[in-house]
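Trainee: Let me give you the structure first, and then I'll get to my questions.
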Amino acid sequence: MPTPPMPTGPTVSANVAAHLAALADRRGWSGRAAFFEGHRVWTHGEVHDRAERAATVLAGRGVAAGDRVLLALPDGVMWVTAFLATARLGATAVLVNPALTADDHRFMAEDSRAALAVSGPDLQDHFEGVPWLGGDQLSALTGPPATPAPAAPAPAAEPVTAATPLYLQYTSRTTGRPKAVAHSHGDMAAYHDLVGQEVLDIGPADVSFSVSKLFYAYAYGLGNAFAFPLFSGSAAVLTADRPGPALIDGLVARHRVTLLYSVPSSYAALVDERGTGDLQCRADDPPESFGTEKAVRRWLPRLVGEDCAHRVLWVSRYHFLRKVAGSFADPSGRVLLAGEAAHLFPPFGARGMNSGIAGAVAAAEAVSAACSEPSRGPAAVAGYAAARRSAALHNSEAAGAALDHLRPRPWKRAAQRAAATLAPVVPRCGEWLERAPYGPRGGPARGY
């Protein structure tokens, strides 16, 4: 059933928290499971009721419309209700990874001008100088009416428009210092309608599990485990733990998961638990001789035994490319290249995506400068082209370091084997192996 369109004017029903609560009530989902967390099942009605109470708690801490509330919580219903409570007040949630360093947390709190930080008690010292609320305190104050002194339900949700900022997410460090990217109240319905509904056809009978966490950038974890279930009346599995293959298998079986969302490395780890074959071909090897399912069934038994050939689940091929355009702007300064029009990198550390986003932002800034002050146009475009090409060359070098690790020369292979042998007694050897595939961490210049 299509999701009713969110209003575009400044109304209460454009507020995504109010919209979702009304949607659950109207569609009869209030008693249906929304989240599985450990042995606890949370219904849609319970989640929205708890979010209203959490909004009262946040308002009592001084949070108002337009403020920013930093959430450094593990995945769980407390994260969901804190996010909805922030949205209900018309404030903006700042989504951060709770496993980041104290320096990273302090930077994001200061950069976002957070009015309140919500985290576990073990992270309180990461937010010195910022008003702080423990996630356990918020949980205790938002219990059902039977608990001692629960928070009263919140007043009506803050009127907003679909374009009102809902949350900020920070980019990764692969292209320099993290940058905050704003997403609006109207974006959530788009995530569900364009992907959850049109692509995945999610319905109330589905159960989802996202390996990527709720805080994860570009709406992946947030869309999978928050927007999809709350907009469709379905359920999602939440876990604060880092999901390795054994945990994923257990959760999928226990909750009868129908939709599993993950990244290639996690899928690879799941397959590794069952055995894999990986063949790196020479440049002159014909792909059809090695990379088709028929070919794999021919050479795989030589590696793992004859009885495994019939268990081939999938075969994939990937050709790594490293390309950087000679110039990121045409001679007239009217065409600016960004993203894959400007560079191609092997998919290590999301360098291509993050560099592309930074490039698009920088290109927009250059165009804006040229339009507002035409005399500044040539310098703005030339500055963009030089800075972003420098960043692209740096990221290409980093991707090359990753390829060198995967396809090492004989001396490098010997060094890797020696490091693996020594890692149990010389931790630095293990650290080198862990970090080597991702290449250099720093950026070539400030802001990139």
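Simple scheme: letters A, B, ... for chains in structure tokens order, numbers from 1 for residues in each chain, numbers from 1 for ligands in the order shown.
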Please return, as an NGL selection string, all residues of range 247-429 of chain A that DSSP assigns to strand (DSSP E or B) on the basis of the backbone.
Mentor: :A and (259-261 or 323-324 or 329 or 336 or 343-344)
Trainee: Would you mind listing what lies within 7 Å of range 378-388 of chain A as a list in words, with only C-alpha atoms counted and same-chain residues fewer than 4 positions away left out?
Mentor: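 So the residues in contact are Ser327, Phe328, Ala329, Gly333, Gly359, Ala362, Ala363, Ala366, Ala369, Ala370 and Ala392 of chain A.
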Trainee: Quick one: contact table of range 205-292 of chain A to range 403-425 of chain A, 12 Å max, nearest atom pair and distance in Å to one decimal per residue, counting only C-alpha atoms, chain and number order, as CSV?
Mentor:
```
residue,atom,partner,partner_atom,distance
A:Asp278,CA,A:Leu406,CA,11.6
A:Leu279,CA,A:Arg407,CA,11.2
A:Gln280,CA,A:Arg407,CA,8.2
A:Cys281,CA,A:Arg407,CA,10.3
A:Arg282,CA,A:Arg407,CA,10.5
```
Trainee: What's the 12 Å shell around Asp122 in chain A, counting only C-alpha atoms, without same-chain residues fewer than 3 positions away, as a short mmCIF file (atom, residue, chain, number, x, y, z; two decimals) with N, CA and C atoms, in the first residue's frame?
Mentor:
```
data_model
loop_
_atom_site.label_atom_id
_atom_site.label_comp_id
_atom_site.auth_asym_id
_atom_site.auth_seq_id
_atom_site.Cartn_x
_atom_site.Cartn_y
_atom_site.Cartn_z
N ALA A 72 25.16 9.22 20.48
CA ALA A 72 26.28 8.28 20.41
C ALA A 72 25.89 7.03 21.17
N LEU A 73 24.86 6.37 20.66
CA LEU A 73 24.27 5.20 21.32
C LEU A 73 24.45 3.96 20.44
N PRO A 74 24.53 2.79 21.08
CA PRO A 74 24.54 1.55 20.29
C PRO A 74 23.16 1.29 19.70
N PRO A 98 29.31 5.37 18.23
CA PRO A 98 29.74 5.39 19.63
C PRO A 98 31.14 4.84 19.84
N ALA A 99 31.68 4.13 18.85
CA ALA A 99 33.01 3.54 19.00
C ALA A 99 34.13 4.48 18.58
N ALA A 102 37.60 9.74 21.66
CA ALA A 102 37.15 10.93 22.37
C ALA A 102 37.38 12.19 21.54
N VAL A 118 23.71 12.56 23.99
CA VAL A 118 23.12 11.39 24.63
C VAL A 118 24.01 10.20 24.30
N SER A 119 24.51 9.52 25.33
CA SER A 119 25.42 8.40 25.10
C SER A 119 25.36 7.46 26.30
N ASP A 125 32.83 11.31 29.46
CA ASP A 125 34.00 12.19 29.43
C ASP A 125 34.38 12.60 28.01
N HIS A 126 33.75 12.01 27.00
CA HIS A 126 34.00 12.43 25.62
C HIS A 126 33.30 13.74 25.30
N PHE A 127 32.36 14.16 26.15
CA PHE A 127 31.53 15.31 25.84
C PHE A 127 31.60 16.38 26.92
N LEU A 133 23.33 13.60 28.68
CA LEU A 133 22.30 12.74 29.27
C LEU A 133 22.67 11.30 28.95
N GLY A 134 22.68 10.45 29.97
CA GLY A 134 23.00 9.05 29.76
C GLY A 134 21.84 8.30 29.11
N GLY A 135 22.17 7.39 28.20
CA GLY A 135 21.12 6.60 27.58
C GLY A 135 20.35 5.78 28.58
N ASP A 136 21.03 5.31 29.64
CA ASP A 136 20.34 4.54 30.68
C ASP A 136 19.37 5.42 31.45
#
```
Trainee: How would you write, as a PyMOL selection string, the set of residues in range 212-428 of chain A that DSSP gives as helix (DSSP H, G or I)?
Mentor: chain A and resi 220-232+245-255+264-272+287-289+293-299+301-304+306-311+339-341+351-372+374-406+410-422+427-428
Trainee: Which residues are close to Ser355 in chain A, i.e. within 12 Å by only C-alpha atoms, leaving aside same-chain residues fewer than 3 positions away? Reply as a PyMOL selection string.
Mentor: chain A and resi 171-179+324+337-345+347+349-352+358-363+387-396+443+447-448
Trainee: Using only C-alpha atoms, which of the listed residues (A:Arg88, A:Arg27, A:Arg68, A:Arg256) sits closest to Asp49 in chain A?
Mentor: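 Among the listed residues, A:Arg88 lies closest to Asp49 in chain A.
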Trainee: Can you tell me how far CA of Pro165 in chain A sits from CA of Arg32 in chain A, in Å to one decimal?
Mentor: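 Between these atoms lies a distance of 29.4 Å.
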Trainee: Determine, counting only C-alpha atoms, which protein, DNA and RNA residues have an atom within 9 Å of an atom of Thr92 in chain A; residues of the same chain fewer than 6 positions away are not included. Present the result as an MDAnalysis selection string.
Mentor: chainID A and resid 65:70 83 86 164:168
Trainee: Generate the output file for the selected residues, all heavy atoms, as a short mmCIF file (atom, residue, chain, number, x, y, z; two decimals), in the first residue's frame.
Mentor:
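Produced file result_33.cif, reproduced below:
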```cif
data_model
loop_
_atom_site.label_atom_id
_atom_site.label_comp_id
_atom_site.auth_asym_id
_atom_site.auth_seq_id
_atom_site.Cartn_x
_atom_site.Cartn_y
_atom_site.Cartn_z
N ALA A 65 13.10 23.35 19.24
CA ALA A 65 13.16 23.30 17.77
C ALA A 65 14.41 24.02 17.28
O ALA A 65 14.74 25.11 17.75
CB ALA A 65 11.91 23.94 17.18
N GLY A 66 15.10 23.39 16.33
CA GLY A 66 16.31 23.97 15.76
C GLY A 66 17.59 23.58 16.47
O GLY A 66 18.68 23.78 15.92
N ASP A 67 17.49 23.04 17.69
CA ASP A 67 18.68 22.59 18.41
C ASP A 67 19.20 21.30 17.78
O ASP A 67 18.50 20.62 17.03
CB ASP A 67 18.37 22.34 19.89
CG ASP A 67 18.22 23.63 20.67
OD1 ASP A 67 18.73 24.67 20.21
OD2 ASP A 67 17.59 23.59 21.75
N ARG A 68 20.43 20.96 18.15
CA ARG A 68 21.03 19.72 17.67
C ARG A 68 21.35 18.80 18.84
O ARG A 68 21.95 19.23 19.83
CB ARG A 68 22.29 20.02 16.86
CG ARG A 68 21.93 20.73 15.55
CD ARG A 68 23.12 21.20 14.77
NE ARG A 68 22.70 21.79 13.50
CZ ARG A 68 23.52 22.31 12.60
NH1 ARG A 68 24.84 22.32 12.83
NH2 ARG A 68 23.06 22.82 11.49
N VAL A 69 20.92 17.55 18.71
CA VAL A 69 21.10 16.55 19.77
C VAL A 69 22.01 15.45 19.23
O VAL A 69 21.65 14.77 18.27
CB VAL A 69 19.75 15.95 20.22
CG1 VAL A 69 19.97 14.89 21.29
CG2 VAL A 69 18.83 17.05 20.74
N LEU A 70 23.17 15.30 19.82
CA LEU A 70 24.13 14.29 19.37
C LEU A 70 23.79 12.94 19.99
O LEU A 70 23.65 12.83 21.22
CB LEU A 70 25.55 14.71 19.74
CG LEU A 70 26.69 13.84 19.22
CD1 LEU A 70 27.93 14.68 18.94
CD2 LEU A 70 27.04 12.73 20.20
N PHE A 83 15.98 9.17 18.69
CA PHE A 83 15.92 9.80 17.37
C PHE A 83 14.53 10.37 17.12
O PHE A 83 14.37 11.53 16.69
CB PHE A 83 16.29 8.79 16.29
CG PHE A 83 16.32 9.35 14.90
CD1 PHE A 83 17.49 9.85 14.36
CD2 PHE A 83 15.17 9.37 14.10
CE1 PHE A 83 17.54 10.37 13.07
CE2 PHE A 83 15.19 9.89 12.82
CZ PHE A 83 16.38 10.39 12.30
N THR A 86 13.83 13.45 19.29
CA THR A 86 14.50 14.63 18.76
C THR A 86 13.71 15.20 17.59
O THR A 86 13.48 16.41 17.49
CB THR A 86 15.93 14.27 18.31
OG1 THR A 86 16.66 13.74 19.44
CG2 THR A 86 16.66 15.49 17.78
N THR A 164 12.73 20.61 6.45
CA THR A 164 13.37 20.93 7.72
C THR A 164 14.44 19.88 8.05
O THR A 164 14.17 18.67 7.94
CB THR A 164 12.33 20.96 8.85
OG1 THR A 164 11.37 21.99 8.56
CG2 THR A 164 12.99 21.25 10.20
N PRO A 165 15.64 20.29 8.46
CA PRO A 165 16.69 19.30 8.78
C PRO A 165 16.22 18.32 9.87
O PRO A 165 15.69 18.74 10.89
CB PRO A 165 17.85 20.16 9.27
CG PRO A 165 17.65 21.47 8.58
CD PRO A 165 16.15 21.67 8.55
N LEU A 166 16.44 17.04 9.61
CA LEU A 166 16.07 15.99 10.56
C LEU A 166 17.30 15.41 11.25
O LEU A 166 17.28 15.18 12.46
CB LEU A 166 15.34 14.87 9.81
CG LEU A 166 15.03 13.59 10.59
CD1 LEU A 166 14.08 13.88 11.75
CD2 LEU A 166 14.43 12.52 9.66
N TYR A 167 18.36 15.17 10.50
CA TYR A 167 19.57 14.63 11.12
C TYR A 167 20.80 15.01 10.31
O TYR A 167 20.71 15.35 9.13
CB TYR A 167 19.48 13.10 11.26
CG TYR A 167 19.43 12.31 9.98
CD1 TYR A 167 20.59 11.77 9.44
CD2 TYR A 167 18.23 12.08 9.33
CE1 TYR A 167 20.54 11.02 8.27
CE2 TYR A 167 18.17 11.34 8.16
CZ TYR A 167 19.34 10.82 7.63
OH TYR A 167 19.30 10.09 6.47
N LEU A 168 21.95 14.97 10.99
CA LEU A 168 23.25 15.18 10.37
C LEU A 168 24.05 13.90 10.48
O LEU A 168 24.02 13.22 11.51
CB LEU A 168 24.03 16.30 11.09
CG LEU A 168 23.42 17.69 11.16
CD1 LEU A 168 24.36 18.62 11.92
CD2 LEU A 168 23.15 18.24 9.77
#
```
